[in-house]
file structure.pdb (PDB, C-alpha atoms and all ligand atoms)
ATOM      1  CA  MET A   1      -2.066  15.480 -76.709  1.00  0.00           C
ATOM      2  CA  SER A   2      -2.128  16.721 -80.248  1.00  0.00           C
ATOM      3  CA  LYS A   3      -1.136  20.291 -80.863  1.00  0.00           C
ATOM      4  CA  ILE A   4      -3.827  22.666 -81.900  1.00  0.00           C
ATOM      5  CA  ALA A   5      -3.086  24.648 -85.010  1.00  0.00           C
ATOM      6  CA  ALA A   6      -5.005  26.399 -87.735  1.00  0.00           C
ATOM      7  CA  GLY A   7      -7.129  23.747 -89.395  1.00  0.00           C
ATOM      8  CA  SER A   8      -7.443  21.632 -86.228  1.00  0.00           C
ATOM      9  CA  GLU A   9     -10.782  20.598 -84.962  1.00  0.00           C
ATOM     10  CA  VAL A  10     -11.679  21.857 -81.502  1.00  0.00           C
ATOM     11  CA  GLU A  11     -14.738  22.003 -79.352  1.00  0.00           C
ATOM     12  CA  ALA A  12     -15.905  25.537 -78.911  1.00  0.00           C
ATOM     13  CA  TYR A  13     -18.999  27.460 -78.082  1.00  0.00           C
ATOM     14  CA  CYS A  14     -20.786  28.648 -81.187  1.00  0.00           C
ATOM     15  CA  THR A  15     -22.348  32.081 -80.759  1.00  0.00           C
ATOM     16  CA  LYS A  16     -24.861  31.345 -83.499  1.00  0.00           C
ATOM     17  CA  CYS A  17     -25.857  27.778 -82.646  1.00  0.00           C
ATOM     18  CA  LYS A  18     -25.657  28.603 -78.917  1.00  0.00           C
ATOM     19  CA  LEU A  19     -24.065  25.226 -78.332  1.00  0.00           C
ATOM     20  CA  VAL A  20     -20.661  23.726 -77.732  1.00  0.00           C
ATOM     21  CA  LEU A  21     -19.861  22.160 -81.105  1.00  0.00           C
ATOM     22  CA  ALA A  22     -16.965  21.011 -83.230  1.00  0.00           C
ATOM     23  CA  HIS A  23     -15.159  23.946 -84.803  1.00  0.00           C
ATOM     24  CA  THR A  24     -12.212  24.291 -87.123  1.00  0.00           C
ATOM     25  CA  VAL A  25      -9.463  26.644 -85.980  1.00  0.00           C
ATOM     26  CA  VAL A  26      -9.011  29.541 -88.375  1.00  0.00           C
ATOM     27  CA  THR A  27      -6.332  31.568 -86.573  1.00  0.00           C
ATOM     28  CA  MET A  28      -4.273  30.931 -83.476  1.00  0.00           C
ATOM     29  CA  ASP A  29      -3.323  33.176 -80.595  1.00  0.00           C
ATOM     30  CA  GLY A  30      -0.150  31.581 -79.290  1.00  0.00           C
ATOM     31  CA  THR A  31      -1.149  28.059 -78.244  1.00  0.00           C
ATOM     32  CA  LYS A  32      -4.853  28.848 -78.103  1.00  0.00           C
ATOM     33  CA  PRO A  33      -7.331  29.123 -80.931  1.00  0.00           C
ATOM     34  CA  LYS A  34      -8.332  32.718 -81.642  1.00  0.00           C
ATOM     35  CA  ARG A  35     -10.827  32.545 -84.480  1.00  0.00           C
ATOM     36  CA  VAL A  36     -12.792  29.387 -85.141  1.00  0.00           C
ATOM     37  CA  GLN A  37     -15.296  28.274 -87.746  1.00  0.00           C
ATOM     38  CA  CYS A  38     -18.346  26.349 -86.672  1.00  0.00           C
ATOM     39  CA  ASN A  39     -18.620  23.034 -88.503  1.00  0.00           C
ATOM     40  CA  THR A  40     -22.373  23.197 -88.145  1.00  0.00           C
ATOM     41  CA  CYS A  41     -23.324  26.701 -89.276  1.00  0.00           C
ATOM     42  CA  GLU A  42     -19.951  27.637 -90.829  1.00  0.00           C
ATOM     43  CA  GLY A  43     -19.979  30.873 -88.900  1.00  0.00           C
ATOM     44  CA  VAL A  44     -16.578  32.305 -87.977  1.00  0.00           C
ATOM     45  CA  HIS A  45     -16.227  33.842 -84.547  1.00  0.00           C
ATOM     46  CA  ASN A  46     -13.821  34.255 -81.652  1.00  0.00           C
ATOM     47  CA  TYR A  47     -12.966  31.081 -79.805  1.00  0.00           C
ATOM     48  CA  ARG A  48     -14.871  30.421 -76.622  1.00  0.00           C
ATOM     49  CA  ALA A  49     -14.389  27.158 -74.781  1.00  0.00           C
ATOM     50  CA  LYS A  50     -17.675  27.364 -72.934  1.00  0.00           C
ATOM     51  CA  LYS A  51     -21.003  29.005 -73.057  1.00  0.00           C
ATOM     52  CA  PRO A  52     -20.626  32.506 -71.611  1.00  0.00           C
ATOM     53  CA  ALA A  53     -22.265  33.263 -68.291  1.00  0.00           C
ATOM     54  CA  SER A  54     -25.738  34.209 -69.304  1.00  0.00           C
ATOM     55  CA  LYS A  55     -26.732  37.781 -68.773  1.00  0.00           C
ATOM     56  CA  THR A  56     -30.319  37.096 -69.704  1.00  0.00           C
ATOM     57  CA  THR A  57     -31.182  35.493 -66.372  1.00  0.00           C
ATOM     58  CA  ALA A  58     -30.073  38.626 -64.539  1.00  0.00           C
ATOM     59  CA  ALA A  59     -32.148  40.778 -66.849  1.00  0.00           C
ATOM     60  CA  LYS A  60     -35.173  38.569 -66.320  1.00  0.00           C
ATOM     61  CA  LYS A  61     -34.894  38.895 -62.567  1.00  0.00           C
ATOM     62  CA  GLU A  62     -34.926  42.661 -62.876  1.00  0.00           C
ATOM     63  CA  LYS A  63     -38.031  42.527 -64.972  1.00  0.00           C
ATOM     64  CA  THR A  64     -40.019  40.443 -62.524  1.00  0.00           C
ATOM     65  CA  ALA A  65     -39.017  42.717 -59.656  1.00  0.00           C
ATOM     66  CA  LYS A  66     -40.712  45.569 -61.449  1.00  0.00           C
ATOM     67  CA  GLY A  67     -44.450  46.000 -61.526  1.00  0.00           C
ATOM     68  CA  THR A  68     -44.999  44.852 -57.963  1.00  0.00           C
ATOM     69  CA  SER A  69     -45.704  48.330 -56.653  1.00  0.00           C
ATOM     70  CA  ARG A  70     -49.109  48.986 -58.094  1.00  0.00           C
ATOM     71  CA  LYS A  71     -51.070  52.036 -57.153  1.00  0.00           C
ATOM     72  CA  SER A  72     -53.773  51.147 -54.708  1.00  0.00           C
ATOM     73  CA  ARG A  73     -56.888  51.913 -56.660  1.00  0.00           C
ATOM     74  CA  GLN A  74     -59.977  53.371 -55.192  1.00  0.00           C
ATOM     75  CA  SER A  75     -62.705  50.806 -55.505  1.00  0.00           C
ATOM     76  CA  TRP A  76     -65.355  51.554 -58.099  1.00  0.00           C
ATOM     77  CA  ASP A  77     -68.059  51.483 -55.441  1.00  0.00           C
ATOM     78  CA  GLU A  78     -66.332  54.269 -53.538  1.00  0.00           C
ATOM     79  CA  VAL A  79     -65.954  56.288 -56.696  1.00  0.00           C
ATOM     80  CA  MET A  80     -69.616  55.785 -57.515  1.00  0.00           C
ATOM     81  CA  LYS A  81     -70.699  57.005 -54.092  1.00  0.00           C
ATOM     82  CA  GLN A  82     -68.733  60.188 -54.566  1.00  0.00           C
ATOM     83  CA  ALA A  83     -70.182  60.621 -58.024  1.00  0.00           C
ATOM     84  CA  ALA A  84     -73.799  60.093 -57.023  1.00  0.00           C
ATOM     85  CA  ASP A  85     -74.482  63.749 -56.312  1.00  0.00           C
ATOM     86  CA  LYS A  86     -72.502  65.081 -59.236  1.00  0.00           C
ATOM     87  CA  PRO A  87     -74.107  66.027 -62.538  1.00  0.00           C
ATOM     88  CA  HIS A  88     -73.795  63.477 -65.316  1.00  0.00           C
ATOM     89  CA  LYS A  89     -73.442  64.351 -68.950  1.00  0.00           C
ATOM     90  CA  GLN A  90     -74.887  62.152 -71.641  1.00  0.00           C
ATOM     91  CA  TYR A  91     -72.007  60.917 -73.729  1.00  0.00           C
ATOM     92  CA  SER A  92     -71.995  61.639 -77.440  1.00  0.00           C
ATOM     93  CA  MET A  93     -69.162  61.891 -79.907  1.00  0.00           C
ATOM     94  CA  SER A  94     -69.957  65.547 -80.554  1.00  0.00           C
ATOM     95  CA  GLY A  95     -70.029  66.481 -76.882  1.00  0.00           C
ATOM     96  CA  SER A  96     -67.187  68.228 -75.097  1.00  0.00           C
ATOM     97  CA  PHE A  97     -65.949  66.827 -71.815  1.00  0.00           C
ATOM     98  CA  ASN A  98     -63.291  67.692 -69.313  1.00  0.00           C
ATOM     99  CA  GLU A  99     -61.241  65.871 -66.745  1.00  0.00           C
ATOM    100  CA  GLY A 100     -63.394  64.951 -63.779  1.00  0.00           C
ATOM    101  CA  ASP A 101     -66.668  65.015 -65.692  1.00  0.00           C
ATOM    102  CA  TRP A 102     -69.102  62.165 -65.170  1.00  0.00           C
ATOM    103  CA  ILE A 103     -70.640  60.807 -68.292  1.00  0.00           C
ATOM    104  CA  GLU A 104     -73.303  58.298 -69.101  1.00  0.00           C
ATOM    105  CA  HIS A 105     -72.475  56.086 -72.022  1.00  0.00           C
ATOM    106  CA  ALA A 106     -75.241  54.216 -73.822  1.00  0.00           C
ATOM    107  CA  THR A 107     -73.265  50.960 -73.802  1.00  0.00           C
ATOM    108  CA  PHE A 108     -70.734  51.200 -70.989  1.00  0.00           C
ATOM    109  CA  GLY A 109     -72.827  53.026 -68.412  1.00  0.00           C
ATOM    110  CA  LEU A 110     -71.494  55.575 -65.980  1.00  0.00           C
ATOM    111  CA  GLY A 111     -67.898  56.648 -66.348  1.00  0.00           C
ATOM    112  CA  CYS A 112     -65.514  59.261 -65.061  1.00  0.00           C
ATOM    113  CA  VAL A 113     -63.332  61.245 -67.453  1.00  0.00           C
ATOM    114  CA  GLN A 114     -59.737  60.608 -66.427  1.00  0.00           C
ATOM    115  CA  SER A 115     -58.071  62.829 -68.962  1.00  0.00           C
ATOM    116  CA  PHE A 116     -58.681  64.887 -72.047  1.00  0.00           C
ATOM    117  CA  THR A 117     -56.280  64.640 -74.959  1.00  0.00           C
ATOM    118  CA  ALA A 118     -56.522  67.498 -77.423  1.00  0.00           C
ATOM    119  CA  PRO A 119     -58.208  67.843 -79.741  1.00  0.00           C
ATOM    120  CA  ASN A 120     -60.805  65.112 -79.432  1.00  0.00           C
ATOM    121  CA  LYS A 121     -60.026  62.190 -77.154  1.00  0.00           C
ATOM    122  CA  ILE A 122     -61.002  61.424 -73.603  1.00  0.00           C
ATOM    123  CA  THR A 123     -59.946  58.568 -71.389  1.00  0.00           C
ATOM    124  CA  VAL A 124     -62.910  57.379 -69.377  1.00  0.00           C
ATOM    125  CA  ARG A 125     -62.951  54.969 -66.504  1.00  0.00           C
ATOM    126  CA  PHE A 126     -65.977  52.731 -66.503  1.00  0.00           C
ATOM    127  CA  ALA A 127     -66.933  50.089 -63.972  1.00  0.00           C
ATOM    128  CA  ASP A 128     -65.209  47.308 -65.896  1.00  0.00           C
ATOM    129  CA  SER A 129     -62.336  49.073 -67.581  1.00  0.00           C
ATOM    130  CA  THR A 130     -60.881  52.305 -68.880  1.00  0.00           C
ATOM    131  CA  ARG A 131     -61.709  53.276 -72.444  1.00  0.00           C
ATOM    132  CA  MET A 132     -60.605  55.895 -74.918  1.00  0.00           C
ATOM    133  CA  LEU A 133     -63.538  57.765 -76.410  1.00  0.00           C
ATOM    134  CA  VAL A 134     -63.944  60.411 -79.063  1.00  0.00           C
ATOM    135  CA  CYS A 135     -65.382  63.816 -78.245  1.00  0.00           C
ATOM    136  CA  ASN A 136     -65.667  67.238 -79.933  1.00  0.00           C
ATOM    137  CA  TYR A 137     -66.391  65.281 -83.082  1.00  0.00           C
ATOM    138  CA  GLY A 138     -67.922  66.868 -86.152  1.00  0.00           C
TER
HETATM  139 ZN    ZN B 201     -22.650  27.289 -85.329  1.00  0.00          ZN
END
call {"tool": "encode", "arguments": {"input": "structure.pdb", "output": "structure tokens"}}
result
Amino acid sequence: MSKIAAGSEVEAYCTKCKLVLAHTVVTMDGTKPKRVQCNTCEGVHNYRAKKPASKTTAAKKEKTAKGTSRKSRQSWDEVMKQAADKPHKQYSMSGSFNEGDWIEHATFGLGCVQSFTAPNKITVRFADSTRMLVCNYG
């Protein structure tokens, strides 16, 4: 076995190429390479014999675990039934609306105001989706 010294070629994991590649030893730490230079990208980094245990897979698992607990939404039909005997306001950009108001939109139809954001935005839930609309305009 040939001794490794500064200038020797060794196989090491390149942090830039993300591969085990031929490297040239820059500095030694006793009998082991300490700093190596990648022959491919010429990047100098600490010597690693192998690819480090990937942390990304653990992070991915965490991500997929999230988002499973979704709020059980009231079906639109149920909401509509409740709304049937409530007064509806005709939607217009200059109108003023509050949370809980029912509005009729020329394009989107009947919707329920979910929230009012000062000074002039309302979030309205329509049958197909929730939209942000302008109010108190002009
Ligand atoms: Zn490299």
call {"tool": "atom_distance", "arguments": {"input": "structure.pdb", "atom1": "CA of Val44 (chain A)", "atom2": "CA of Thr27 (chain A)"}}
result
10.4 Å
call {"tool": "residues_near_point", "arguments": {"input": "structure.pdb", "point": "(-70.0, 59.1, -79.9)", "cutoff": "8 Å", "atoms": "only C-alpha atoms", "output": "JSON, numbers by chain"}}
result
{"A": [91, 92, 93, 94, 95, 133, 134, 135, 137]}
call {"tool": "resolve_selection", "arguments": {"input": "structure.pdb", "expression": "the PyMOL selection byres (((chain A and resi 114-129) around 10) and not hetatm)", "output": "PyMOL selection string"}}
result
chain A and resi 75-77+79-80+93-105+108-113+130-138
call {"tool": "atom_distance", "arguments": {"input": "structure.pdb", "atom1": "CA of Ala106 (chain A)", "atom2": "CA of Pro87 (chain A)"}}
result
16.4 Å
call {"tool": "closest_residue", "arguments": {"input": "structure.pdb", "among": "A:Ala5, A:Glu11, A:Cys41, A:Leu19", "to": "ligand ZN 201 (chain B)", "atoms": "all atoms listed in the file"}}
result
A:Cys41
call {"tool": "residues_near_ligand", "arguments": {"input": "structure.pdb", "ligand": "ligand ZN 201 (chain B)", "cutoff": "10 Å", "atoms": "all atoms listed in the file", "output": "JSON, numbers by chain"}}
result
{"A": [12, 13, 14, 15, 16, 17, 18, 19, 20, 21, 22, 23, 37, 38, 39, 40, 41, 42, 43, 44, 45]}
call {"tool": "atom_distance", "arguments": {"input": "structure.pdb", "atom1": "CA of Ile4 (chain A)", "atom2": "CA of Lys50 (chain A)"}}
result
17.2 Å
call {"tool": "axis_aligned_box", "arguments": {"input": "structure.pdb", "around": "region 107-118 of chain A", "padding_each_side": "5 Å", "output": "AutoDock Vina command-line options"}}
result
--center_x -64.8 --center_y 59.2 --center_z -71.2 --size_x 27.0 --size_y 26.5 --size_z 22.4
call {"tool": "residues_around", "arguments": {"input": "structure.pdb", "residues": "Thr24 (chain A)", "least_positions_apart": "4", "cutoff": "6 Å", "atoms": "all atoms listed in the file", "output": "ChimeraX atom specification"}}
result
/A:7-9,36-37
call {"tool": "decode", "arguments": {"input": "structure.pdb", "residues": "region 85-133 of chain A", "atoms": "N, CA and C atoms", "output": "mmCIF file, in the first residue's frame"}}
result
data_model
loop_
_atom_site.group_PDB
_atom_site.id
_atom_site.type_symbol
_atom_site.label_atom_id
_atom_site.label_comp_id
_atom_site.auth_asym_id
_atom_site.auth_seq_id
_atom_site.Cartn_x
_atom_site.Cartn_y
_atom_site.Cartn_z
ATOM 1 N N ASP A 85 -82.212 31.591 3.909
ATOM 2 C CA ASP A 85 -83.113 32.591 4.491
ATOM 3 C C ASP A 85 -82.388 33.827 5.005
ATOM 4 N N LYS A 86 -81.147 33.971 4.597
ATOM 5 C CA LYS A 86 -80.404 35.170 5.002
ATOM 6 C C LYS A 86 -80.414 36.183 3.865
ATOM 7 N N PRO A 87 -80.347 37.463 4.209
ATOM 8 C CA PRO A 87 -80.346 38.476 3.146
ATOM 9 C C PRO A 87 -79.043 38.437 2.343
ATOM 10 N N HIS A 88 -79.169 38.629 1.063
ATOM 11 C CA HIS A 88 -77.997 38.667 0.186
ATOM 12 C C HIS A 88 -77.747 40.087 -0.272
ATOM 13 N N LYS A 89 -76.501 40.445 -0.311
ATOM 14 C CA LYS A 89 -76.144 41.767 -0.839
ATOM 15 C C LYS A 89 -75.598 41.572 -2.244
ATOM 16 N N GLN A 90 -75.935 42.515 -3.102
ATOM 17 C CA GLN A 90 -75.379 42.485 -4.453
ATOM 18 C C GLN A 90 -73.928 42.946 -4.359
ATOM 19 N N TYR A 91 -73.026 42.161 -4.903
ATOM 20 C CA TYR A 91 -71.631 42.558 -4.800
ATOM 21 C C TYR A 91 -71.282 43.675 -5.773
ATOM 22 N N SER A 92 -70.590 44.681 -5.280
ATOM 23 C CA SER A 92 -69.978 45.680 -6.149
ATOM 24 C C SER A 92 -68.713 46.158 -5.450
ATOM 25 N N MET A 93 -67.770 46.635 -6.250
ATOM 26 C CA MET A 93 -66.494 47.034 -5.694
ATOM 27 C C MET A 93 -66.614 48.170 -4.692
ATOM 28 N N SER A 94 -67.689 48.968 -4.834
ATOM 29 C CA SER A 94 -67.847 50.119 -3.942
ATOM 30 C C SER A 94 -68.647 49.757 -2.687
ATOM 31 N N GLY A 95 -69.195 48.553 -2.654
ATOM 32 C CA GLY A 95 -69.992 48.155 -1.513
ATOM 33 C C GLY A 95 -69.140 47.886 -0.286
ATOM 34 N N SER A 96 -69.778 47.868 0.885
ATOM 35 C CA SER A 96 -69.033 47.496 2.087
ATOM 36 C C SER A 96 -69.656 46.232 2.658
ATOM 37 N N PHE A 97 -68.799 45.280 2.982
ATOM 38 C CA PHE A 97 -69.255 43.970 3.425
ATOM 39 C C PHE A 97 -68.521 43.567 4.693
ATOM 40 N N ASN A 98 -69.163 42.722 5.441
ATOM 41 C CA ASN A 98 -68.557 42.244 6.681
ATOM 42 C C ASN A 98 -68.540 40.727 6.715
ATOM 43 N N GLU A 99 -67.741 40.214 7.620
ATOM 44 C CA GLU A 99 -67.642 38.779 7.811
ATOM 45 C C GLU A 99 -69.029 38.188 8.039
ATOM 46 N N GLY A 100 -69.339 37.138 7.338
ATOM 47 C CA GLY A 100 -70.627 36.483 7.511
ATOM 48 C C GLY A 100 -71.699 36.959 6.543
ATOM 49 N N ASP A 101 -71.423 38.052 5.839
ATOM 50 C CA ASP A 101 -72.384 38.542 4.854
ATOM 51 C C ASP A 101 -72.473 37.591 3.667
ATOM 52 N N TRP A 102 -73.665 37.507 3.101
ATOM 53 C CA TRP A 102 -73.847 36.737 1.868
ATOM 54 C C TRP A 102 -73.945 37.698 0.709
ATOM 55 N N ILE A 103 -73.173 37.434 -0.303
ATOM 56 C CA ILE A 103 -73.180 38.347 -1.437
ATOM 57 C C ILE A 103 -73.496 37.589 -2.722
ATOM 58 N N GLU A 104 -74.054 38.331 -3.658
ATOM 59 C CA GLU A 104 -74.264 37.763 -4.975
ATOM 60 C C GLU A 104 -73.335 38.447 -5.951
ATOM 61 N N HIS A 105 -72.495 37.654 -6.564
ATOM 62 C CA HIS A 105 -71.514 38.180 -7.500
ATOM 63 C C HIS A 105 -71.992 37.890 -8.913
ATOM 64 N N ALA A 106 -71.862 38.884 -9.787
ATOM 65 C CA ALA A 106 -72.369 38.751 -11.151
ATOM 66 C C ALA A 106 -71.774 37.542 -11.879
ATOM 67 N N THR A 107 -70.524 37.250 -11.621
ATOM 68 C CA THR A 107 -69.847 36.145 -12.311
ATOM 69 C C THR A 107 -69.810 34.870 -11.491
ATOM 70 N N PHE A 108 -69.485 35.000 -10.211
ATOM 71 C CA PHE A 108 -69.232 33.801 -9.395
ATOM 72 C C PHE A 108 -70.454 33.272 -8.663
ATOM 73 N N GLY A 109 -71.533 34.079 -8.642
ATOM 74 C CA GLY A 109 -72.743 33.622 -7.980
ATOM 75 C C GLY A 109 -72.735 33.948 -6.495
ATOM 76 N N LEU A 110 -73.412 33.104 -5.737
ATOM 77 C CA LEU A 110 -73.569 33.346 -4.316
ATOM 78 C C LEU A 110 -72.301 32.985 -3.551
ATOM 79 N N GLY A 111 -71.923 33.867 -2.639
ATOM 80 C CA GLY A 111 -70.731 33.610 -1.846
ATOM 81 C C GLY A 111 -70.882 34.132 -0.439
ATOM 82 N N CYS A 112 -70.101 33.566 0.449
ATOM 83 C CA CYS A 112 -70.143 33.981 1.852
ATOM 84 C C CYS A 112 -68.824 34.662 2.208
ATOM 85 N N VAL A 113 -68.925 35.846 2.806
ATOM 86 C CA VAL A 113 -67.715 36.582 3.181
ATOM 87 C C VAL A 113 -67.057 35.883 4.369
ATOM 88 N N GLN A 114 -65.829 35.423 4.136
ATOM 89 C CA GLN A 114 -65.093 34.702 5.176
ATOM 90 C C GLN A 114 -64.359 35.656 6.099
ATOM 91 N N SER A 115 -63.810 36.697 5.505
ATOM 92 C CA SER A 115 -63.085 37.667 6.320
ATOM 93 C C SER A 115 -62.969 38.990 5.598
ATOM 94 N N PHE A 116 -62.810 40.031 6.399
ATOM 95 C CA PHE A 116 -62.628 41.369 5.863
ATOM 96 C C PHE A 116 -61.242 41.838 6.259
ATOM 97 N N THR A 117 -60.466 42.280 5.256
ATOM 98 C CA THR A 117 -59.139 42.789 5.526
ATOM 99 C C THR A 117 -59.132 44.275 5.233
ATOM 100 N N ALA A 118 -58.916 45.060 6.285
ATOM 101 C CA ALA A 118 -58.911 46.517 6.121
ATOM 102 C C ALA A 118 -57.809 46.935 5.164
ATOM 103 N N PRO A 119 -58.012 47.947 4.344
ATOM 104 C CA PRO A 119 -59.240 48.735 4.303
ATOM 105 C C PRO A 119 -60.258 48.244 3.265
ATOM 106 N N ASN A 120 -59.847 47.398 2.326
ATOM 107 C CA ASN A 120 -60.764 47.193 1.204
ATOM 108 C C ASN A 120 -60.723 45.803 0.575
ATOM 109 N N LYS A 121 -60.463 44.784 1.361
ATOM 110 C CA LYS A 121 -60.441 43.448 0.759
ATOM 111 C C LYS A 121 -61.318 42.489 1.549
ATOM 112 N N ILE A 122 -62.024 41.646 0.829
ATOM 113 C CA ILE A 122 -62.794 40.604 1.483
ATOM 114 C C ILE A 122 -62.444 39.262 0.852
ATOM 115 N N THR A 123 -62.432 38.241 1.679
ATOM 116 C CA THR A 123 -62.229 36.892 1.198
ATOM 117 C C THR A 123 -63.597 36.238 1.162
ATOM 118 N N VAL A 124 -63.985 35.779 -0.016
ATOM 119 C CA VAL A 124 -65.332 35.255 -0.194
ATOM 120 C C VAL A 124 -65.278 33.811 -0.673
ATOM 121 N N ARG A 125 -66.054 32.985 -0.002
ATOM 122 C CA ARG A 125 -66.121 31.597 -0.431
ATOM 123 C C ARG A 125 -67.292 31.427 -1.380
ATOM 124 N N PHE A 126 -66.956 31.007 -2.581
ATOM 125 C CA PHE A 126 -67.982 30.694 -3.575
ATOM 126 C C PHE A 126 -68.091 29.181 -3.704
ATOM 127 N N ALA A 127 -69.053 28.739 -4.490
ATOM 128 C CA ALA A 127 -69.287 27.304 -4.629
ATOM 129 C C ALA A 127 -68.034 26.564 -5.100
ATOM 130 N N ASP A 128 -67.292 27.166 -6.016
ATOM 131 C CA ASP A 128 -66.138 26.449 -6.568
ATOM 132 C C ASP A 128 -64.829 26.740 -5.856
ATOM 133 N N SER A 129 -64.678 27.956 -5.367
ATOM 134 C CA SER A 129 -63.433 28.261 -4.668
ATOM 135 C C SER A 129 -63.570 29.537 -3.858
ATOM 136 N N THR A 130 -62.510 29.868 -3.148
ATOM 137 C CA THR A 130 -62.495 31.072 -2.330
ATOM 138 C C THR A 130 -61.727 32.148 -3.078
ATOM 139 N N ARG A 131 -62.312 33.339 -3.133
ATOM 140 C CA ARG A 131 -61.675 34.425 -3.883
ATOM 141 C C ARG A 131 -61.507 35.662 -3.024
ATOM 142 N N MET A 132 -60.497 36.443 -3.381
ATOM 143 C CA MET A 132 -60.269 37.729 -2.738
ATOM 144 C C MET A 132 -60.915 38.793 -3.607
ATOM 145 N N LEU A 133 -61.783 39.587 -3.010
ATOM 146 C CA LEU A 133 -62.460 40.638 -3.769
ATOM 147 C C LEU A 133 -62.207 41.990 -3.141
#
